[in-house]
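Working notes, beginning with the structure itself.
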Amino acid sequence: MRLQFLKNTQVTCNDGSAAGFYLKEFRGSRRWLIFLEGGWCCHSKETCDSRYQNIPRLMSSTEWAQTKRGTGILSSQAEENPHWNNANIVFIPYCSSDVWSGNGPAPTPPPRQRQGREKERDRNTNATEYTFMGSLIIREVIKDLIPKGIKLAKVVMLSGTSAGGTGVLLNIDRVASQLELLGAEAQVRGLVDSGWFLESKQQRSPNCPETISCSPEDAIKIGLRLWNGVVPDRCLQLYKRGEEWQCFFGHKLYSTLTSPLFVMQWLFDEEQLRVENIYMGGHSLSEEQWQYIQNLGRELKNSLRDVTAVFAPSCLSHTAITKSNWMSFKVKGTSLPRALHCWDRSLEATRNNRTPSKGCPFHLVDNCQRPQCNPTCPALVDQTTQQELTLFQMLVAMGLDLQRLGLDPQGDADDLASMVSNGG
């Protein structure tokens, strides 16, 4: 894939450098895969300054490479990417730090004296030298793809991982409307990987100064003013002013979307755990944290109940679709690429007034309850030694008593063996 900068130089990364995208064209293909990169966000001058110092590539294009190799669903190799290798691939680097919601400079408030919490809120309104244009970047990329033939597309899939996955939720219907206004007849679909977050359970300070001490909803509440963030219109009809942050959570936004959506979500997502200060493979883990981990799996599973197309393995991990080994992940014997292909075929059949074929599943949620009970889960790695460990080895290394937790390694090994013999 080769880097191209946007023609509209007014739409930029956080630091004012040109935003852009990587493109791999596949001559004659009418299928387009547009990918939004992830990388969480910043929501105040302090958190943005820290982000710029520590991860500048997520706020600036000045050091982007001229070419990029695609992996997983972005690969052009059929053996790694059997169903999307022959699509036009667009990779949009994340450099706006706004969960792809920014709509340009926030309006400057009228000058008057502020007090207390109101003063704190206004300190985050247009209080930095950074620009936040995530949603505008997506719009301008679509415009720049017109000469490349996207108006002739049959299918456009907007995909993303982590914050990029949340960006898909926020922008999918807007992209569909934009393409329709351009005269395209493409069906626009969304693929959300590890961007289906739940609200935090911990009560924290509303004026959280650092990213690590902010819950996701607090960071978004504060950030929305800074980013001049936009959310889907249909979602706004559900929530009054000041509650727009709820539209960043998939289980609240999903029912308002008109575009078809596929959700890939680990039931024990590591980033969801990280915001609760739980680090698997770290130094210690309390019994309360272990209980939280188990509850998270149940809550995530419950939140996905009404999602038509979903792939949810009972694993501790984060992101899947851009990993080179993404074909190895299975739920109930079906791999992730296969589930996506089944969904693709079902949508095509419905679009052409045909009955979707049976025996090709795309609503796949693990039945087993605890983390890593799926034998195809990515391996756990000890952060100190970098050695691969089983879940039980890791829990013991982190100071927990398996017997006290009611865990039986041998019985679990028998269950795993049974799952393997049944196809995962």
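Each chain of the structure tokens is named A, B, ... in the order shown, its residues numbered from 1; ligands are numbered from 1 in display order.
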
Write out as a Markdown table a residue-level contact list of region 281-334 of chain A versus region 179-201 of chain A with cut-off 10 Å: for each qualifying residue the closest pair of atoms and the distance in Å to one decimal, counting only C-alpha atoms, rows sorted by chain and residue number upward.
| residue | atom | partner | partner_atom | distance |
| --- | --- | --- | --- | --- |
| A:Tyr292 | CA | A:Lys201 | CA | 9.3 |
| A:Leu296 | CA | A:Leu198 | CA | 8.8 |
| A:Glu299 | CA | A:Leu198 | CA | 8.4 |
| A:Leu300 | CA | A:Leu198 | CA | 7.5 |
| A:Ser303 | CA | A:Leu198 | CA | 8.6 |
| A:Leu304 | CA | A:Trp196 | CA | 9.1 |
| A:Ala309 | CA | A:Leu191 | CA | 9.6 |
| A:Val310 | CA | A:Val192 | CA | 9.5 |
| A:Phe311 | CA | A:Asp193 | CA | 9.5 |
| A:Ala312 | CA | A:Ser194 | CA | 9.8 |
| A:Ser317 | CA | A:Ser194 | CA | 9.1 |
| A:His318 | CA | A:Ser194 | CA | 6.2 |
| A:Thr319 | CA | A:Ser194 | CA | 5.2 |
| A:Ala320 | CA | A:Asp193 | CA | 6.8 |
| A:Ile321 | CA | A:Asp193 | CA | 6.9 |
| A:Thr322 | CA | A:Asp193 | CA | 9.4 |

For the residues in the current selection, export N, CA and C atoms as a short mmCIF file (atom, residue, chain, number, x, y, z; two decimals), in the first residue's frame.
data_model
loop_
_atom_site.label_atom_id
_atom_site.label_comp_id
_atom_site.auth_asym_id
_atom_site.auth_seq_id
_atom_site.Cartn_x
_atom_site.Cartn_y
_atom_site.Cartn_z
N TYR A 292 -14.18 -9.66 38.64
CA TYR A 292 -14.55 -8.66 37.64
C TYR A 292 -14.33 -9.21 36.22
N LEU A 296 -17.13 -9.56 33.40
CA LEU A 296 -17.00 -8.85 32.12
C LEU A 296 -17.42 -9.76 30.96
N GLU A 299 -21.15 -9.95 30.86
CA GLU A 299 -21.78 -8.70 30.44
C GLU A 299 -21.57 -8.43 28.95
N LEU A 300 -20.36 -8.70 28.46
CA LEU A 300 -20.10 -8.51 27.03
C LEU A 300 -20.97 -9.45 26.20
N SER A 303 -24.41 -8.13 26.09
CA SER A 303 -24.54 -6.92 25.25
C SER A 303 -24.57 -7.25 23.76
N LEU A 304 -24.06 -8.43 23.40
CA LEU A 304 -24.00 -8.83 21.99
C LEU A 304 -25.18 -9.69 21.57
N ALA A 309 -24.75 -10.17 13.37
CA ALA A 309 -23.51 -10.81 12.91
C ALA A 309 -22.41 -10.55 13.94
N VAL A 310 -21.94 -11.60 14.60
CA VAL A 310 -20.98 -11.42 15.68
C VAL A 310 -20.07 -12.64 15.79
N PHE A 311 -18.82 -12.40 16.16
CA PHE A 311 -17.84 -13.45 16.40
C PHE A 311 -17.18 -13.11 17.72
N ALA A 312 -17.47 -13.89 18.78
CA ALA A 312 -17.04 -13.53 20.13
C ALA A 312 -16.40 -14.72 20.84
N SER A 317 -7.67 -11.08 24.96
CA SER A 317 -6.87 -10.55 23.85
C SER A 317 -7.43 -9.19 23.45
N HIS A 318 -6.86 -8.60 22.41
CA HIS A 318 -7.36 -7.32 21.89
C HIS A 318 -7.00 -7.23 20.42
N THR A 319 -7.97 -7.02 19.59
CA THR A 319 -7.92 -6.93 18.12
C THR A 319 -7.61 -8.29 17.48
N ALA A 320 -8.10 -8.47 16.25
CA ALA A 320 -7.93 -9.76 15.58
C ALA A 320 -7.74 -9.65 14.07
N ILE A 321 -8.50 -8.77 13.40
CA ILE A 321 -8.61 -8.87 11.94
C ILE A 321 -7.33 -8.52 11.19
N THR A 322 -6.40 -7.78 11.82
CA THR A 322 -5.15 -7.43 11.13
C THR A 322 -3.99 -8.32 11.56
#

Among region 97-282 of chain A, which residues does DSSP mark as alpha helix (DSSP H) when it is run on the backbone? Keep the chain and numbering as in the structure and answer as an NGL selection string. :A and (116-123 or 134-144 or 163-181 or 216-227 or 233-236 or 250-253 or 270-274)

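What separates CA of Leu152 (chain A) from CA of Asn352 (chain A) is a distance of 18.0 Å.
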
Would you return as a list in words the members of region 59-291 of chain A that DSSP assigns to strand (DSSP E) on this structure's backbone? Asn88, Ile89, Val90, Phe91, Ile92, Val155, Val156, Met157, Leu158, Ser159, Gly160, Thr161, Gln187, Val188, Arg189, Gly190, Leu191, Val192, Asp193, Leu261, Phe262, Val263, Met264, Phe268 and Asp269 of chain A

May I ask for the distance between CA of Trp84 (chain A) and CA of Pro378 (chain A), given in Å to one decimal place? 22.7 Å

Just the residues within 8 Å of region 231-238 of chain A, please, counting only C-alpha atoms, with nothing from its chain fewer than 4 positions along; format it as a VMD selection string. chain A and resid 101 170 to 171 173 to 174 244 247 to 248 253 256 to 257

Need the shell around region 48-52 of chain A: protein/DNA/RNA residues with any atom at most 12 Å away, counting only C-alpha atoms. Skip same-chain ones fewer than 2 positions apart. Format as a PDB file with N, CA, C and O atoms, in the first residue's frame?
ATOM      1  N   CYS A  13      -3.887  16.293  10.630  1.00  0.00           N
ATOM      2  CA  CYS A  13      -3.637  15.572  11.876  1.00  0.00           C
ATOM      3  C   CYS A  13      -3.655  16.573  13.038  1.00  0.00           C
ATOM      4  O   CYS A  13      -3.761  17.787  12.834  1.00  0.00           O
ATOM      5  N   ASN A  14      -3.504  16.063  14.271  1.00  0.00           N
ATOM      6  CA  ASN A  14      -3.538  16.933  15.451  1.00  0.00           C
ATOM      7  C   ASN A  14      -2.575  18.103  15.366  1.00  0.00           C
ATOM      8  O   ASN A  14      -2.886  19.223  15.790  1.00  0.00           O
ATOM      9  N   ASP A  15      -1.367  17.852  14.828  1.00  0.00           N
ATOM     10  CA  ASP A  15      -0.322  18.895  14.846  1.00  0.00           C
ATOM     11  C   ASP A  15      -0.340  19.787  13.610  1.00  0.00           C
ATOM     12  O   ASP A  15       0.546  20.618  13.434  1.00  0.00           O
ATOM     13  N   GLY A  39      -6.079   3.361  18.534  1.00  0.00           N
ATOM     14  CA  GLY A  39      -5.053   3.987  19.356  1.00  0.00           C
ATOM     15  C   GLY A  39      -5.608   4.901  20.438  1.00  0.00           C
ATOM     16  O   GLY A  39      -4.971   5.871  20.840  1.00  0.00           O
ATOM     17  N   TRP A  40      -6.826   4.602  20.956  1.00  0.00           N
ATOM     18  CA  TRP A  40      -7.479   5.360  22.017  1.00  0.00           C
ATOM     19  C   TRP A  40      -7.527   6.847  21.685  1.00  0.00           C
ATOM     20  O   TRP A  40      -7.758   7.217  20.535  1.00  0.00           O
ATOM     21  N   CYS A  41      -7.333   7.758  22.655  1.00  0.00           N
ATOM     22  CA  CYS A  41      -7.551   9.179  22.391  1.00  0.00           C
ATOM     23  C   CYS A  41      -6.803  10.015  23.414  1.00  0.00           C
ATOM     24  O   CYS A  41      -6.188   9.500  24.341  1.00  0.00           O
ATOM     25  N   CYS A  42      -6.857  11.324  23.238  1.00  0.00           N
ATOM     26  CA  CYS A  42      -6.475  12.249  24.312  1.00  0.00           C
ATOM     27  C   CYS A  42      -7.629  13.230  24.476  1.00  0.00           C
ATOM     28  O   CYS A  42      -8.376  13.479  23.533  1.00  0.00           O
ATOM     29  N   HIS A  43      -7.778  13.792  25.686  1.00  0.00           N
ATOM     30  CA  HIS A  43      -8.995  14.563  25.954  1.00  0.00           C
ATOM     31  C   HIS A  43      -8.737  15.881  26.686  1.00  0.00           C
ATOM     32  O   HIS A  43      -9.670  16.543  27.111  1.00  0.00           O
ATOM     33  N   SER A  44      -7.474  16.259  26.817  1.00  0.00           N
ATOM     34  CA  SER A  44      -7.135  17.512  27.495  1.00  0.00           C
ATOM     35  C   SER A  44      -5.745  17.927  27.015  1.00  0.00           C
ATOM     36  O   SER A  44      -5.036  17.149  26.374  1.00  0.00           O
ATOM     37  N   LYS A  45      -5.355  19.154  27.348  1.00  0.00           N
ATOM     38  CA  LYS A  45      -4.023  19.613  26.954  1.00  0.00           C
ATOM     39  C   LYS A  45      -2.950  18.696  27.528  1.00  0.00           C
ATOM     40  O   LYS A  45      -1.985  18.328  26.839  1.00  0.00           O
ATOM     41  N   GLU A  46      -3.131  18.289  28.789  1.00  0.00           N
ATOM     42  CA  GLU A  46      -2.115  17.459  29.447  1.00  0.00           C
ATOM     43  C   GLU A  46      -2.000  16.085  28.776  1.00  0.00           C
ATOM     44  O   GLU A  46      -0.895  15.614  28.485  1.00  0.00           O
ATOM     45  N   ASN A  54       5.013  10.941  23.554  1.00  0.00           N
ATOM     46  CA  ASN A  54       5.299   9.511  23.640  1.00  0.00           C
ATOM     47  C   ASN A  54       4.902   8.704  22.405  1.00  0.00           C
ATOM     48  O   ASN A  54       5.547   7.696  22.097  1.00  0.00           O
ATOM     49  N   ILE A  55       3.837   9.109  21.717  1.00  0.00           N
ATOM     50  CA  ILE A  55       3.393   8.372  20.520  1.00  0.00           C
ATOM     51  C   ILE A  55       3.095   9.369  19.401  1.00  0.00           C
ATOM     52  O   ILE A  55       1.945   9.529  18.974  1.00  0.00           O
ATOM     53  N   PRO A  56       4.096  10.085  18.908  1.00  0.00           N
ATOM     54  CA  PRO A  56       3.835  11.158  17.933  1.00  0.00           C
ATOM     55  C   PRO A  56       3.175  10.690  16.643  1.00  0.00           C
ATOM     56  O   PRO A  56       2.430  11.448  16.016  1.00  0.00           O
ATOM     57  N   ARG A  57       3.379   9.426  16.247  1.00  0.00           N
ATOM     58  CA  ARG A  57       2.780   8.960  14.982  1.00  0.00           C
ATOM     59  C   ARG A  57       1.257   8.926  15.035  1.00  0.00           C
ATOM     60  O   ARG A  57       0.601   8.899  13.993  1.00  0.00           O
ATOM     61  N   LEU A  58       0.675   8.942  16.273  1.00  0.00           N
ATOM     62  CA  LEU A  58      -0.780   8.969  16.396  1.00  0.00           C
ATOM     63  C   LEU A  58      -1.333  10.391  16.404  1.00  0.00           C
ATOM     64  O   LEU A  58      -2.536  10.588  16.582  1.00  0.00           O
ATOM     65  N   MET A  59      -0.446  11.396  16.196  1.00  0.00           N
ATOM     66  CA  MET A  59      -0.887  12.790  16.168  1.00  0.00           C
ATOM     67  C   MET A  59      -0.276  13.575  15.019  1.00  0.00           C
ATOM     68  O   MET A  59      -0.612  14.738  14.808  1.00  0.00           O
ATOM     69  N   SER A  60       0.612  12.922  14.262  1.00  0.00           N
ATOM     70  CA  SER A  60       1.342  13.629  13.207  1.00  0.00           C
ATOM     71  C   SER A  60       1.687  12.661  12.078  1.00  0.00           C
ATOM     72  O   SER A  60       1.924  11.469  12.318  1.00  0.00           O
ATOM     73  N   SER A  61       1.730  13.175  10.868  1.00  0.00           N
ATOM     74  CA  SER A  61       2.099  12.342   9.712  1.00  0.00           C
ATOM     75  C   SER A  61       3.552  12.511   9.304  1.00  0.00           C
ATOM     76  O   SER A  61       3.987  11.907   8.330  1.00  0.00           O
ATOM     77  N   CYS A  95      -4.545   9.801  13.329  1.00  0.00           N
ATOM     78  CA  CYS A  95      -3.692  10.913  13.774  1.00  0.00           C
ATOM     79  C   CYS A  95      -4.527  12.060  14.331  1.00  0.00           C
ATOM     80  O   CYS A  95      -4.065  13.198  14.403  1.00  0.00           O
ATOM     81  N   SER A  96      -5.784  11.763  14.735  1.00  0.00           N
ATOM     82  CA  SER A  96      -6.684  12.817  15.214  1.00  0.00           C
ATOM     83  C   SER A  96      -7.034  12.683  16.690  1.00  0.00           C
ATOM     84  O   SER A  96      -7.596  13.615  17.275  1.00  0.00           O
ATOM     85  N   SER A  97      -6.731  11.528  17.306  1.00  0.00           N
ATOM     86  CA  SER A  97      -6.862  11.330  18.765  1.00  0.00           C
ATOM     87  C   SER A  97      -8.264  11.607  19.302  1.00  0.00           C
ATOM     88  O   SER A  97      -8.427  11.962  20.459  1.00  0.00           O
ATOM     89  N   ASP A  98      -9.288  11.418  18.486  1.00  0.00           N
ATOM     90  CA  ASP A  98     -10.661  11.799  18.858  1.00  0.00           C
ATOM     91  C   ASP A  98     -11.662  10.669  18.638  1.00  0.00           C
ATOM     92  O   ASP A  98     -12.855  10.907  18.507  1.00  0.00           O
ATOM     93  N   ASN A 124     -11.054  22.646  28.918  1.00  0.00           N
ATOM     94  CA  ASN A 124     -10.849  21.621  27.904  1.00  0.00           C
ATOM     95  C   ASN A 124     -11.536  21.969  26.584  1.00  0.00           C
ATOM     96  O   ASN A 124     -11.524  21.176  25.663  1.00  0.00           O
ATOM     97  N   ALA A 127      -8.815  24.375  24.167  1.00  0.00           N
ATOM     98  CA  ALA A 127      -7.755  24.884  25.039  1.00  0.00           C
ATOM     99  C   ALA A 127      -6.369  24.446  24.595  1.00  0.00           C
ATOM    100  O   ALA A 127      -5.398  24.669  25.288  1.00  0.00           O
ATOM    101  N   THR A 128      -6.264  23.792  23.455  1.00  0.00           N
ATOM    102  CA  THR A 128      -4.955  23.339  22.988  1.00  0.00           C
ATOM    103  C   THR A 128      -4.692  23.885  21.594  1.00  0.00           C
ATOM    104  O   THR A 128      -5.578  24.412  20.924  1.00  0.00           O
ATOM    105  N   GLU A 129      -3.454  23.705  21.143  1.00  0.00           N
ATOM    106  CA  GLU A 129      -3.107  24.116  19.783  1.00  0.00           C
ATOM    107  C   GLU A 129      -3.361  22.987  18.788  1.00  0.00           C
ATOM    108  O   GLU A 129      -3.063  23.119  17.602  1.00  0.00           O
ATOM    109  N   TYR A 130      -3.923  21.872  19.249  1.00  0.00           N
ATOM    110  CA  TYR A 130      -4.159  20.722  18.367  1.00  0.00           C
ATOM    111  C   TYR A 130      -5.504  20.844  17.649  1.00  0.00           C
ATOM    112  O   TYR A 130      -6.431  21.476  18.143  1.00  0.00           O
ATOM    113  N   THR A 131      -5.601  20.207  16.490  1.00  0.00           N
ATOM    114  CA  THR A 131      -6.871  20.128  15.764  1.00  0.00           C
ATOM    115  C   THR A 131      -7.376  18.688  15.814  1.00  0.00           C
ATOM    116  O   THR A 131      -6.589  17.745  15.844  1.00  0.00           O
ATOM    117  N   PHE A 132      -8.688  18.528  15.806  1.00  0.00           N
ATOM    118  CA  PHE A 132      -9.314  17.213  15.936  1.00  0.00           C
ATOM    119  C   PHE A 132     -10.303  17.034  14.796  1.00  0.00           C
ATOM    120  O   PHE A 132     -11.390  17.599  14.813  1.00  0.00           O
ATOM    121  N   PRO A 209      -7.291  14.072  35.589  1.00  0.00           N
ATOM    122  CA  PRO A 209      -6.311  14.796  34.799  1.00  0.00           C
ATOM    123  C   PRO A 209      -5.490  13.914  33.871  1.00  0.00           C
ATOM    124  O   PRO A 209      -4.974  14.372  32.873  1.00  0.00           O
ATOM    125  N   GLU A 210      -5.364  12.633  34.194  1.00  0.00           N
ATOM    126  CA  GLU A 210      -4.501  11.759  33.403  1.00  0.00           C
ATOM    127  C   GLU A 210      -5.340  10.674  32.731  1.00  0.00           C
ATOM    128  O   GLU A 210      -6.337  10.222  33.260  1.00  0.00           O
ATOM    129  N   THR A 211      -4.893  10.226  31.549  1.00  0.00           N
ATOM    130  CA  THR A 211      -5.625   9.210  30.807  1.00  0.00           C
ATOM    131  C   THR A 211      -5.842   7.966  31.654  1.00  0.00           C
ATOM    132  O   THR A 211      -6.916   7.393  31.679  1.00  0.00           O
ATOM    133  N   ILE A 212      -4.828   7.544  32.379  1.00  0.00           N
ATOM    134  CA  ILE A 212      -4.906   6.285  33.107  1.00  0.00           C
ATOM    135  C   ILE A 212      -5.930   6.337  34.219  1.00  0.00           C
ATOM    136  O   ILE A 212      -6.486   5.322  34.623  1.00  0.00           O
ATOM    137  N   ALA A 219     -13.388  10.192  29.831  1.00  0.00           N
ATOM    138  CA  ALA A 219     -12.497  10.719  28.787  1.00  0.00           C
ATOM    139  C   ALA A 219     -13.304  11.242  27.603  1.00  0.00           C
ATOM    140  O   ALA A 219     -13.006  12.302  27.041  1.00  0.00           O
ATOM    141  N   GLY A 223     -13.580  14.902  26.339  1.00  0.00           N
ATOM    142  CA  GLY A 223     -13.011  15.060  25.010  1.00  0.00           C
ATOM    143  C   GLY A 223     -13.970  15.602  23.979  1.00  0.00           C
ATOM    144  O   GLY A 223     -13.568  16.338  23.073  1.00  0.00           O
ATOM    145  N   LEU A 226     -13.631  19.218  23.479  1.00  0.00           N
ATOM    146  CA  LEU A 226     -12.334  19.557  22.883  1.00  0.00           C
ATOM    147  C   LEU A 226     -12.305  19.217  21.400  1.00  0.00           C
ATOM    148  O   LEU A 226     -11.779  19.970  20.583  1.00  0.00           O
ATOM    149  N   TRP A 227     -12.881  18.064  21.047  1.00  0.00           N
ATOM    150  CA  TRP A 227     -12.824  17.589  19.664  1.00  0.00           C
ATOM    151  C   TRP A 227     -13.883  18.228  18.773  1.00  0.00           C
ATOM    152  O   TRP A 227     -13.822  18.084  17.554  1.00  0.00           O
TER     153      TRP A 227
END

Got a sec: who's within 9 Å of Ile89 (chain A), counting only C-alpha atoms, leaving out chain neighbours fewer than 2 positions off, as number ranges by chain? A: 1, 22-26, 31-35, 70, 74-76, 84-87, 91

9 Å contact set for region 354-367 of chain A, only C-alpha atoms, chain neighbours under 4 positions out, as a PyMOL selection string: chain A and resi 262+267+301+304-305+307-314+331-332+334+336+338-343+345-350+373-374

Go ahead and write the selection's residues with C-alpha atoms as a compact mmCIF listing (two decimals), in the first residue's frame.
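The new file selection.txt reads:
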# COMPACT_ATOMS: atom_id res chain seq x y z
CA PHE A 262 -20.38 -7.34 11.93
CA LEU A 267 -15.25 -11.58 25.55
CA LYS A 301 -21.90 -11.68 25.94
CA LEU A 304 -24.00 -8.83 21.99
CA ARG A 305 -27.19 -10.87 22.26
CA VAL A 307 -26.27 -8.27 17.26
CA THR A 308 -27.09 -10.08 14.00
CA ALA A 309 -23.51 -10.81 12.91
CA VAL A 310 -20.98 -11.42 15.68
CA PHE A 311 -17.84 -13.45 16.40
CA ALA A 312 -17.04 -13.53 20.13
CA PRO A 313 -14.39 -15.97 21.39
CA SER A 314 -13.98 -16.47 25.15
CA VAL A 331 -15.85 -20.24 17.56
CA LYS A 332 -17.91 -23.43 17.40
CA THR A 334 -16.02 -21.72 12.35
CA LEU A 336 -13.34 -15.61 11.74
CA ARG A 338 -15.33 -17.92 7.30
CA ALA A 339 -17.91 -16.19 9.52
CA LEU A 340 -17.31 -12.91 7.68
CA HIS A 341 -17.71 -14.70 4.34
CA CYS A 342 -20.99 -16.28 5.50
CA TRP A 343 -22.27 -12.84 6.51
CA ARG A 345 -23.04 -14.21 1.29
CA SER A 346 -26.16 -13.69 3.41
CA LEU A 347 -26.20 -9.95 2.67
CA GLU A 348 -25.76 -10.62 -1.06
CA ALA A 349 -28.57 -13.17 -1.04
CA THR A 350 -30.92 -10.77 0.78
CA CYS A 373 -11.59 -21.82 27.53
CA ASN A 374 -11.51 -21.70 23.72

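When only C-alpha atoms are used to compute distances to Asp269 (chain A), the closest of the residues A:Met398, A:Leu285, A:Cys377, A:Cys368 turns out to be A:Cys377.
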
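Taking CA of Glu243 (chain A) and CA of Ile220 (chain A) as the two end points, the separation is 10.3 Å.
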